[in-house]
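Asker: The structure file input_14.tsv (TSV, C-alpha atoms) is provided below.
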```tsv
chain	number	residue	atom	x	y	z
A	54	MET	CA	110.90	62.62	-12.73
A	55	ARG	CA	109.21	65.97	-13.20
A	56	PRO	CA	108.51	68.10	-10.14
A	57	GLY	CA	105.08	67.46	-8.65
A	58	THR	CA	104.74	63.94	-10.01
A	59	VAL	CA	104.89	60.94	-7.74
A	60	PHE	CA	105.22	58.17	-10.31
A	61	PRO	CA	107.16	58.00	-13.58
A	62	ASP	CA	105.03	57.88	-16.75
A	63	SER	CA	105.56	54.16	-17.32
A	64	LEU	CA	104.40	53.35	-13.80
A	65	ARG	CA	101.35	55.64	-14.14
A	66	PHE	CA	100.46	53.88	-17.39
A	67	ALA	CA	100.77	50.49	-15.70
A	68	ILE	CA	98.54	51.60	-12.79
A	69	LEU	CA	95.97	53.01	-15.24
A	70	PHE	CA	96.02	49.75	-17.22
A	71	LEU	CA	95.54	47.65	-14.10
A	72	ALA	CA	92.70	49.88	-12.89
A	73	THR	CA	90.97	49.56	-16.29
A	74	LEU	CA	91.32	45.79	-16.09
A	75	LEU	CA	89.90	45.78	-12.58
A	76	VAL	CA	86.87	47.86	-13.61
A	77	ALA	CA	86.31	45.71	-16.70
A	78	SER	CA	86.45	42.49	-14.68
A	79	SER	CA	83.92	43.81	-12.18
A	80	ALA	CA	81.58	45.20	-14.87
A	81	PRO	CA	79.12	42.26	-14.84
A	82	ALA	CA	78.77	42.69	-11.08
A	83	ALA	CA	77.88	46.31	-11.48
A	84	ASN	CA	75.43	45.46	-14.26
A	85	SER	CA	73.97	42.30	-12.73
A	86	GLY	CA	70.49	43.67	-13.33
A	87	ASP	CA	71.15	44.37	-17.00
A	88	CYS	CA	70.90	42.28	-20.14
A	89	VAL	CA	72.12	38.71	-19.88
A	90	ARG	CA	71.59	38.57	-23.65
A	91	GLY	CA	71.05	41.37	-26.11
A	92	VAL	CA	71.83	45.04	-25.85
A	93	PRO	CA	70.26	47.63	-23.53
A	94	SER	CA	69.28	49.76	-26.54
A	95	ALA	CA	67.11	46.96	-27.98
A	96	PRO	CA	63.48	47.97	-28.68
A	97	ILE	CA	62.10	45.30	-26.36
A	98	LYS	CA	63.17	44.52	-22.81
A	99	ILE	CA	62.10	41.24	-21.22
A	100	GLU	CA	62.67	41.02	-17.49
A	101	VAL	CA	62.11	37.55	-16.02
A	102	PHE	CA	61.69	36.79	-12.31
A	103	SER	CA	62.66	33.16	-12.03
A	104	ASP	CA	63.44	30.41	-9.53
A	105	PHE	CA	66.01	27.77	-10.53
A	106	GLN	CA	64.10	25.03	-8.70
A	107	CYS	CA	60.67	25.85	-10.16
A	108	PRO	CA	59.61	23.36	-12.89
A	109	ALA	CA	57.60	25.99	-14.78
A	110	CYS	CA	60.67	28.25	-14.82
A	111	ARG	CA	62.72	25.41	-16.26
A	112	ALA	CA	60.18	24.80	-19.02
A	113	PHE	CA	59.93	28.52	-19.71
A	114	TYR	CA	63.71	28.93	-19.91
A	115	LEU	CA	64.47	25.83	-21.95
A	116	SER	CA	61.48	25.90	-24.32
A	117	THR	CA	60.83	29.61	-24.69
A	118	MET	CA	63.48	31.98	-23.40
A	119	SER	CA	66.46	30.13	-24.84
A	120	ILE	CA	64.90	30.56	-28.32
A	121	VAL	CA	63.97	34.18	-27.58
A	122	MET	CA	67.59	34.76	-26.61
A	123	SER	CA	68.95	33.41	-29.88
A	124	GLU	CA	66.21	34.76	-32.18
A	125	TYR	CA	65.56	38.17	-30.63
A	126	ALA	CA	68.32	39.09	-28.16
A	127	ASP	CA	71.22	38.01	-30.38
A	128	ALA	CA	69.59	39.85	-33.30
A	129	GLY	CA	69.54	43.06	-31.27
A	130	LYS	CA	65.75	43.09	-31.00
A	131	ALA	CA	65.48	42.36	-27.30
A	132	CYS	CA	67.38	42.75	-24.06
A	133	ILE	CA	66.82	39.86	-21.66
A	134	VAL	CA	67.16	40.46	-17.94
A	135	TYR	CA	66.96	37.56	-15.50
A	136	ARG	CA	66.27	38.23	-11.84
A	137	GLU	CA	66.37	35.73	-9.02
A	138	PHE	CA	63.14	35.08	-7.18
A	139	PRO	CA	63.80	31.89	-5.15
A	140	LEU	CA	60.62	30.66	-3.51
A	141	SER	CA	60.76	29.53	0.11
A	142	ILE	CA	58.98	26.27	-0.77
A	143	HIS	CA	62.06	25.17	-2.77
A	144	ASN	CA	64.76	24.12	-0.34
A	145	HIS	CA	67.75	24.52	-2.69
A	146	ALA	CA	66.47	27.48	-4.70
A	147	ARG	CA	68.37	30.12	-2.76
A	148	GLN	CA	71.65	28.25	-3.06
A	149	ALA	CA	71.06	27.89	-6.80
A	150	ALA	CA	70.32	31.61	-6.97
A	151	GLN	CA	73.68	32.26	-5.31
A	152	PHE	CA	75.35	30.24	-8.06
A	153	GLY	CA	73.39	32.22	-10.64
A	154	HIS	CA	74.42	35.59	-9.22
A	155	ALA	CA	78.01	34.47	-8.73
A	156	ALA	CA	78.13	33.28	-12.35
A	157	MET	CA	76.76	36.64	-13.46
A	158	LYS	CA	79.59	38.35	-11.59
A	159	VAL	CA	82.10	36.18	-13.44
A	160	GLY	CA	80.54	37.02	-16.80
A	161	VAL	CA	77.49	36.83	-19.02
A	162	ARG	CA	78.79	33.78	-20.91
A	163	GLN	CA	79.35	31.96	-17.64
A	164	TRP	CA	75.87	32.93	-16.45
A	165	ASN	CA	74.41	31.40	-19.60
A	166	GLN	CA	76.39	28.20	-19.07
A	167	VAL	CA	75.43	27.90	-15.41
A	168	THR	CA	71.78	28.74	-16.04
A	169	ASP	CA	71.53	26.20	-18.87
A	170	ALA	CA	73.11	23.52	-16.68
A	171	LEU	CA	71.02	24.26	-13.59
A	172	PHE	CA	67.75	24.15	-15.49
A	173	LYS	CA	68.66	21.07	-17.50
A	174	ALA	CA	69.76	19.13	-14.42
A	175	GLN	CA	67.08	20.56	-12.13
A	176	ASP	CA	65.66	17.18	-11.09
A	177	ALA	CA	69.08	15.90	-10.04
A	178	TRP	CA	70.28	18.78	-7.86
A	179	ALA	CA	66.80	19.54	-6.54
A	180	ALA	CA	66.79	16.03	-5.08
A	181	SER	CA	70.39	15.85	-3.90
A	182	GLY	CA	71.21	19.51	-3.29
A	183	ASN	CA	74.50	18.98	-5.09
A	184	ILE	CA	74.59	22.06	-7.28
A	185	GLU	CA	78.38	22.23	-7.30
A	186	SER	CA	78.82	19.08	-9.41
A	187	VAL	CA	76.34	20.30	-12.02
A	188	VAL	CA	78.13	23.61	-12.39
A	189	ALA	CA	81.59	22.03	-12.34
A	190	ASN	CA	80.65	19.96	-15.39
A	191	VAL	CA	80.03	22.95	-17.62
A	192	LEU	CA	82.52	25.62	-16.58
A	193	ALA	CA	86.17	25.83	-17.61
A	194	LYS	CA	88.67	25.50	-14.77
A	195	ALA	CA	89.48	29.21	-14.65
A	196	ASP	CA	85.79	30.15	-14.71
A	197	LEU	CA	85.07	27.66	-11.95
A	198	GLU	CA	87.79	29.15	-9.79
A	199	ALA	CA	86.42	32.63	-10.42
A	200	LEU	CA	82.95	31.37	-9.52
A	201	HIS	CA	84.22	29.86	-6.26
A	202	LYS	CA	85.84	33.17	-5.43
A	203	GLU	CA	82.53	34.96	-5.94
A	204	LEU	CA	80.63	32.30	-3.99
A	205	ARG	CA	82.80	32.96	-0.94
A	206	ASN	CA	81.23	36.42	-0.69
A	207	THR	CA	77.92	35.04	0.54
A	208	ALA	CA	76.78	38.31	2.08
A	209	ALA	CA	77.05	40.20	-1.22
A	210	LEU	CA	75.26	37.41	-3.11
A	211	ASP	CA	72.45	37.27	-0.56
A	212	ALA	CA	72.13	41.04	-0.73
A	213	ALA	CA	71.84	40.88	-4.53
A	214	ILE	CA	69.22	38.11	-4.31
A	215	ASP	CA	67.27	40.01	-1.66
A	216	ALA	CA	67.36	43.10	-3.87
A	217	ASP	CA	65.88	41.06	-6.74
A	218	ILE	CA	63.17	39.63	-4.47
A	219	GLN	CA	62.39	43.09	-3.10
A	220	LEU	CA	62.12	44.48	-6.62
A	221	GLY	CA	59.84	41.62	-7.62
A	222	MET	CA	57.58	42.13	-4.64
A	223	GLN	CA	57.38	45.85	-5.36
A	224	ARG	CA	56.22	44.95	-8.85
A	225	GLY	CA	53.61	42.48	-7.66
A	226	VAL	CA	55.46	39.25	-8.41
A	227	ASN	CA	53.97	36.42	-6.36
A	228	SER	CA	54.59	33.43	-8.59
A	229	THR	CA	57.32	32.23	-10.91
A	230	PRO	CA	57.98	32.64	-13.71
A	231	THR	CA	56.67	36.18	-13.99
A	232	PHE	CA	58.03	38.36	-16.74
A	233	PHE	CA	57.68	41.97	-17.77
A	234	VAL	CA	57.83	43.03	-21.39
A	235	THR	CA	58.68	46.68	-21.94
A	236	ALA	CA	58.39	48.28	-25.37
A	237	GLY	CA	57.57	51.78	-26.48
A	238	GLY	CA	57.49	53.00	-22.89
A	239	ARG	CA	54.81	50.50	-21.90
A	240	THR	CA	55.30	47.50	-19.63
A	241	GLU	CA	53.11	44.40	-19.48
A	242	LYS	CA	53.27	41.87	-16.68
A	243	ILE	CA	52.78	38.22	-17.62
A	244	ALA	CA	52.57	35.84	-14.67
A	245	ALA	CA	52.90	32.55	-16.53
A	246	ALA	CA	55.12	30.31	-18.59
A	247	VAL	CA	54.21	31.05	-22.20
A	248	SER	CA	55.16	28.88	-25.18
A	249	TYR	CA	57.55	30.27	-27.76
A	250	PRO	CA	55.16	30.43	-30.78
A	251	ILE	CA	52.69	32.53	-28.79
A	252	LEU	CA	55.30	34.80	-27.23
A	253	LYS	CA	56.85	35.24	-30.67
A	254	ARG	CA	53.52	36.55	-32.03
A	255	TYR	CA	53.41	39.13	-29.26
A	256	LEU	CA	57.04	40.21	-29.70
A	257	ASP	CA	56.57	40.46	-33.48
A	258	SER	CA	53.47	42.60	-32.97
A	259	LEU	CA	55.51	44.94	-30.74
A	260	LEU	CA	58.28	45.16	-33.32
A	261	ALA	CA	55.75	45.76	-36.10
A	262	LYS	CA	54.40	48.73	-34.13
A	263	GLY	CA	57.85	50.21	-34.53
A	264	ASN	CA	58.91	49.85	-30.93
B	238	MET	CA	9.58	42.19	-5.72
B	239	LEU	CA	12.94	41.72	-4.01
B	240	TRP	CA	13.66	38.71	-6.25
B	241	ARG	CA	12.88	40.77	-9.33
B	242	ILE	CA	15.27	43.52	-8.21
B	243	LEU	CA	17.98	40.94	-7.50
B	244	GLN	CA	17.43	39.34	-10.91
B	245	TRP	CA	17.58	42.74	-12.59
B	246	PHE	CA	20.79	43.58	-10.70
B	247	ALA	CA	22.38	40.20	-11.51
B	248	ARG	CA	21.52	40.56	-15.21
B	249	LEU	CA	22.97	44.08	-15.53
B	250	PHE	CA	26.01	43.21	-13.41
B	251	LEU	CA	26.88	40.10	-15.44
B	252	GLY	CA	26.08	41.87	-18.72
B	253	ALA	CA	28.39	44.78	-17.94
B	254	LEU	CA	31.07	42.43	-16.64
B	255	PHE	CA	31.06	40.25	-19.76
B	256	LEU	CA	31.02	43.28	-22.03
B	257	TYR	CA	34.05	44.68	-20.21
B	258	ALA	CA	35.84	41.30	-20.19
B	259	GLY	CA	35.34	40.97	-23.95
B	260	TYR	CA	36.49	44.53	-24.55
B	261	ALA	CA	39.62	44.12	-22.38
B	262	LYS	CA	40.62	41.03	-24.38
B	263	LEU	CA	39.86	42.53	-27.78
B	264	ARG	CA	41.99	45.55	-26.91
B	265	GLU	CA	45.07	43.36	-26.32
B	266	PRO	CA	44.60	40.21	-28.42
B	267	PHE	CA	48.22	39.05	-28.22
B	268	LEU	CA	48.28	39.38	-24.45
B	269	PHE	CA	45.11	37.34	-24.25
B	270	GLU	CA	46.69	34.67	-26.44
B	271	MET	CA	49.43	34.37	-23.83
B	272	ALA	CA	46.84	34.03	-21.07
B	273	VAL	CA	45.09	31.21	-22.94
B	274	ASP	CA	48.43	29.58	-23.69
B	275	SER	CA	49.43	29.66	-20.02
B	276	TYR	CA	46.81	26.97	-19.23
B	277	GLN	CA	48.93	24.56	-21.32
B	278	LEU	CA	45.88	22.77	-22.69
B	279	LEU	CA	45.88	23.68	-26.36
B	280	PRO	CA	48.36	23.65	-29.24
B	281	PRO	CA	49.32	27.10	-30.61
B	282	TRP	CA	46.65	27.04	-33.35
B	283	GLY	CA	44.00	26.17	-30.75
B	284	VAL	CA	45.22	28.96	-28.48
B	285	ILE	CA	44.96	31.47	-31.32
B	286	ALA	CA	41.49	30.24	-32.35
B	287	VAL	CA	40.14	30.49	-28.79
B	288	ALA	CA	41.81	33.84	-28.14
B	289	ARG	CA	40.33	35.30	-31.31
B	290	THR	CA	36.73	34.07	-30.78
B	291	LEU	CA	36.14	34.07	-27.03
B	292	PRO	CA	36.28	37.88	-26.57
B	293	TRP	CA	33.61	38.37	-29.26
B	294	LEU	CA	31.48	35.69	-27.63
B	295	GLU	CA	31.81	37.37	-24.24
B	296	ALA	CA	30.98	40.79	-25.66
B	297	ALA	CA	27.90	39.41	-27.46
B	298	LEU	CA	26.83	37.60	-24.31
B	299	GLY	CA	27.27	40.78	-22.30
B	300	LEU	CA	25.13	42.75	-24.75
B	301	ALA	CA	22.40	40.09	-24.76
B	302	LEU	CA	22.32	40.10	-20.96
B	303	LEU	CA	22.20	43.88	-20.77
B	304	VAL	CA	19.32	44.00	-23.25
B	305	GLY	CA	17.64	41.03	-21.61
B	306	TRP	CA	16.90	39.31	-24.90
B	307	GLN	CA	16.09	35.57	-24.62
B	308	LEU	CA	17.27	35.79	-21.03
B	309	PRO	CA	16.74	32.15	-19.96
B	310	TYR	CA	18.92	30.90	-22.81
B	311	PHE	CA	21.66	33.51	-22.49
B	312	ALA	CA	21.68	33.34	-18.69
B	313	SER	CA	22.00	29.54	-18.88
B	314	PHE	CA	24.81	29.83	-21.42
B	315	THR	CA	26.58	32.38	-19.20
B	316	CYS	CA	26.26	29.98	-16.29
B	317	LEU	CA	27.69	27.10	-18.34
B	318	LEU	CA	30.55	29.28	-19.60
B	319	LEU	CA	31.45	30.50	-16.10
B	320	GLY	CA	31.23	26.92	-14.83
B	321	PHE	CA	33.60	25.87	-17.60
B	322	PHE	CA	36.04	28.68	-16.75
B	323	LEU	CA	35.88	27.80	-13.06
B	324	SER	CA	36.56	24.11	-13.74
B	325	LEU	CA	39.45	24.98	-16.04
B	326	MET	CA	41.02	27.27	-13.47
B	327	ALA	CA	40.51	24.79	-10.63
B	328	ILE	CA	42.07	21.95	-12.65
B	329	SER	CA	45.04	24.13	-13.65
B	330	TYR	CA	45.56	25.25	-10.07
B	331	ALA	CA	45.33	21.67	-8.79
B	332	ARG	CA	47.82	20.52	-11.44
B	333	GLY	CA	50.25	23.21	-10.28
B	334	VAL	CA	50.24	24.94	-13.66
B	335	GLU	CA	51.36	28.55	-13.31
B	336	ALA	CA	48.51	29.92	-15.40
B	337	THR	CA	47.40	33.51	-15.65
B	338	CYS	CA	43.66	33.99	-15.27
B	339	GLY	CA	43.20	36.15	-18.36
B	340	CYS	CA	39.76	37.09	-17.04
B	341	PHE	CA	40.09	40.86	-17.40
B	342	GLY	CA	43.58	41.17	-18.81
B	343	LEU	CA	46.98	39.81	-17.84
B	344	GLY	CA	49.17	39.69	-14.76
B	345	GLU	CA	46.70	37.90	-12.50
B	346	PRO	CA	47.83	34.38	-11.66
B	347	VAL	CA	45.22	31.70	-11.01
B	348	GLY	CA	44.96	31.27	-7.25
B	349	PRO	CA	42.51	31.18	-4.35
B	350	TYR	CA	41.36	34.75	-4.98
B	351	THR	CA	40.58	34.27	-8.68
B	352	LEU	CA	38.92	30.93	-7.93
B	353	ALA	CA	36.74	32.47	-5.20
B	354	ARG	CA	35.81	35.37	-7.49
B	355	ASP	CA	34.85	33.05	-10.34
B	356	ALA	CA	32.89	30.82	-7.98
B	357	ALA	CA	30.94	33.89	-6.79
B	358	LEU	CA	30.26	34.92	-10.40
B	359	PHE	CA	29.16	31.38	-11.19
B	360	GLY	CA	26.75	31.57	-8.24
B	361	VAL	CA	25.29	34.85	-9.52
B	362	SER	CA	24.89	33.42	-13.04
B	363	LEU	CA	23.25	30.27	-11.66
B	364	TYR	CA	20.80	32.38	-9.71
B	365	LEU	CA	20.05	34.48	-12.79
B	366	ALA	CA	19.52	31.41	-14.98
B	367	VAL	CA	17.16	29.75	-12.48
B	368	ARG	CA	15.21	32.97	-11.93
B	369	ALA	CA	15.02	33.62	-15.67
B	370	TRP	CA	13.51	30.19	-16.33
B	371	LEU	CA	11.11	30.43	-13.40
B	372	SER	CA	9.88	33.89	-14.27
B	373	ARG	CA	9.50	32.90	-17.92
B	374	VAL	CA	6.93	30.16	-17.23
B	375	PRO	CA	3.92	32.40	-16.30
B	376	ARG	CA	4.40	34.62	-19.35
B	377	THR	CA	4.17	31.75	-21.84
B	378	GLY	CA	0.59	30.66	-21.08
B	379	GLY	CA	-2.83	32.09	-20.19
B	380	ALA	CA	-4.39	32.58	-16.75
B	381	GLY	CA	-4.81	28.86	-16.14
B	382	SER	CA	-1.26	27.93	-17.05
B	383	ALA	CA	0.04	30.93	-15.08
B	384	SER	CA	-1.55	29.66	-11.90
B	385	ALA	CA	-0.23	26.18	-12.66
B	386	ALA	CA	3.22	27.66	-13.15
B	387	SER	CA	2.94	29.59	-9.89
B	388	ALA	CA	2.09	26.34	-8.16
B	389	ALA	CA	5.12	24.75	-9.77
B	390	VAL	CA	7.32	27.62	-8.57
B	391	GLU	CA	5.99	27.22	-5.04
B	392	THR	CA	6.68	23.51	-5.00
B	393	THR	CA	10.22	23.99	-6.33
B	394	GLY	CA	10.94	27.05	-4.16
```
Using structure tokens, write down the structure from this file.

Answerer:
Amino acid sequence: MRPGTVFPDSLRFAILFLATLLVASSAPAANSGDCVRGVPSAPIKIEVFSDFQCPACRAFYLSTMSIVMSEYADAGKACIVYREFPLSIHNHARQAAQFGHAAMKVGVRQWNQVTDALFKAQDAWAASGNIESVVANVLAKADLEALHKELRNTAALDAAIDADIQLGMQRGVNSTPTFFVTAGGRTEKIAAAVSYPILKRYLDSLLAKGN
Amino acid sequence: MLWRILQWFARLFLGALFLYAGYAKLREPFLFEMAVDSYQLLPPWGVIAVARTLPWLEAALGLALLVGWQLPYFASFTCLLLGFFLSLMAISYARGVEATCGCFGLGEPVGPYTLARDAALFGVSLYLAVRAWLSRVPRTGGAGSASAASAAVETTG
């Protein structure tokens, strides 16, 4: 051991490696407000304020946004951000939002799986309140365990949801789904569920402008 | 005299409003398409057709009202159009459809405020249409028919 050093080189390397792993594993948590699909440098950013228990949000996600994700986000043309905006009129919406945020902390892939499942089975869990069984059906065992670990930190999840709601209210969101499309430094607010063919025309027009 | 001033004010107000509404939609045609689509009543081709023609119609209507040309007809058409918009919005709201008004741009969901505003505009247009028809009657005939028309106005008023 050289003078002035506390750990041998091999131990320092191991600590550095573990620290890198720790940071990497917590990256989605730090970026929970960032793209769930696509890259941040994409010319278009679509930021959706959504409620898992809202039927219009389900239709918008399954019929429009899922296609936008594959056609635009995966092609590097758009960055999709989903924010939780659970409405008080929906009795299980906040719990579902906790699952959404927890899934995001586990990873983007897991968020996509959980979001798909929650919207597809909305009628079932909205009636029974049994969100756990819906999520358990789609996640791998390790992912489910990681999700449960995140779900135990209720305070952090509630804080993240409250931050989303606060942000939405600051931006004039008072119904769901409401989404903001940012391109070329300009942001448009759309407070409605729009069908894919019509949204596609708008996105294409933005891309054609060279945004 | 007061009625004439009110009619004049209603005509200019609605004319300017429709001209602005048409302009706002023509400026952002794709955003207006999304507003029309949000009512979930038309297939995509229908949405595009309406979104591409309605702004021109509104602008033309606004100009006609501002100029005052064929006022009874254009005021009546404005009233019918606003009544149609109001019904559409009320039905969408009652159905629980999260529609965006699209009246003067985007980002304004259909709700009590937009419904009340459209109802007020409908009231103004109804007043203008009725006044336009009533004030038209004396001008169409001679002295005899004018007095007959005045009598008719008195009985209806």

Asker: Just how far from CA of Val101 in chain A is CA of Tyr135 in chain A, in Å to one decimal?

Answerer: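 Here the two named atoms are 4.9 Å from each other.
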
Asker: Find the residue from B:Arg248, B:Arg368, B:Arg332, B:Arg289 that sits nearest to Leu268 in chain B; use all atoms listed in the file when measuring.

Answerer: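 When distances to Leu268 in chain B are compared using all atoms listed in the file, the smallest one comes from B:Arg289.
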
Asker: What does the structure give for the distance between CA of Cys338 in chain B and CA of Tyr125 in chain A, in Å to one decimal?

Answerer: 27.1 Å

Asker: Measuring between all atoms listed in the file, which one of A:Val92, A:Ala189, A:Ile218, A:Cys107 shows the shortest distance to Asp127 in chain A?

Answerer: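 Result for the nearest residue to Asp127 in chain A: A:Val92.
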
Asker: Of the candidates A:Tyr255, A:Trp164, A:Tyr114, A:Phe105, which one gets nearest to Ala149 in chain A if we count only C-alpha atoms?

Answerer: A:Phe105
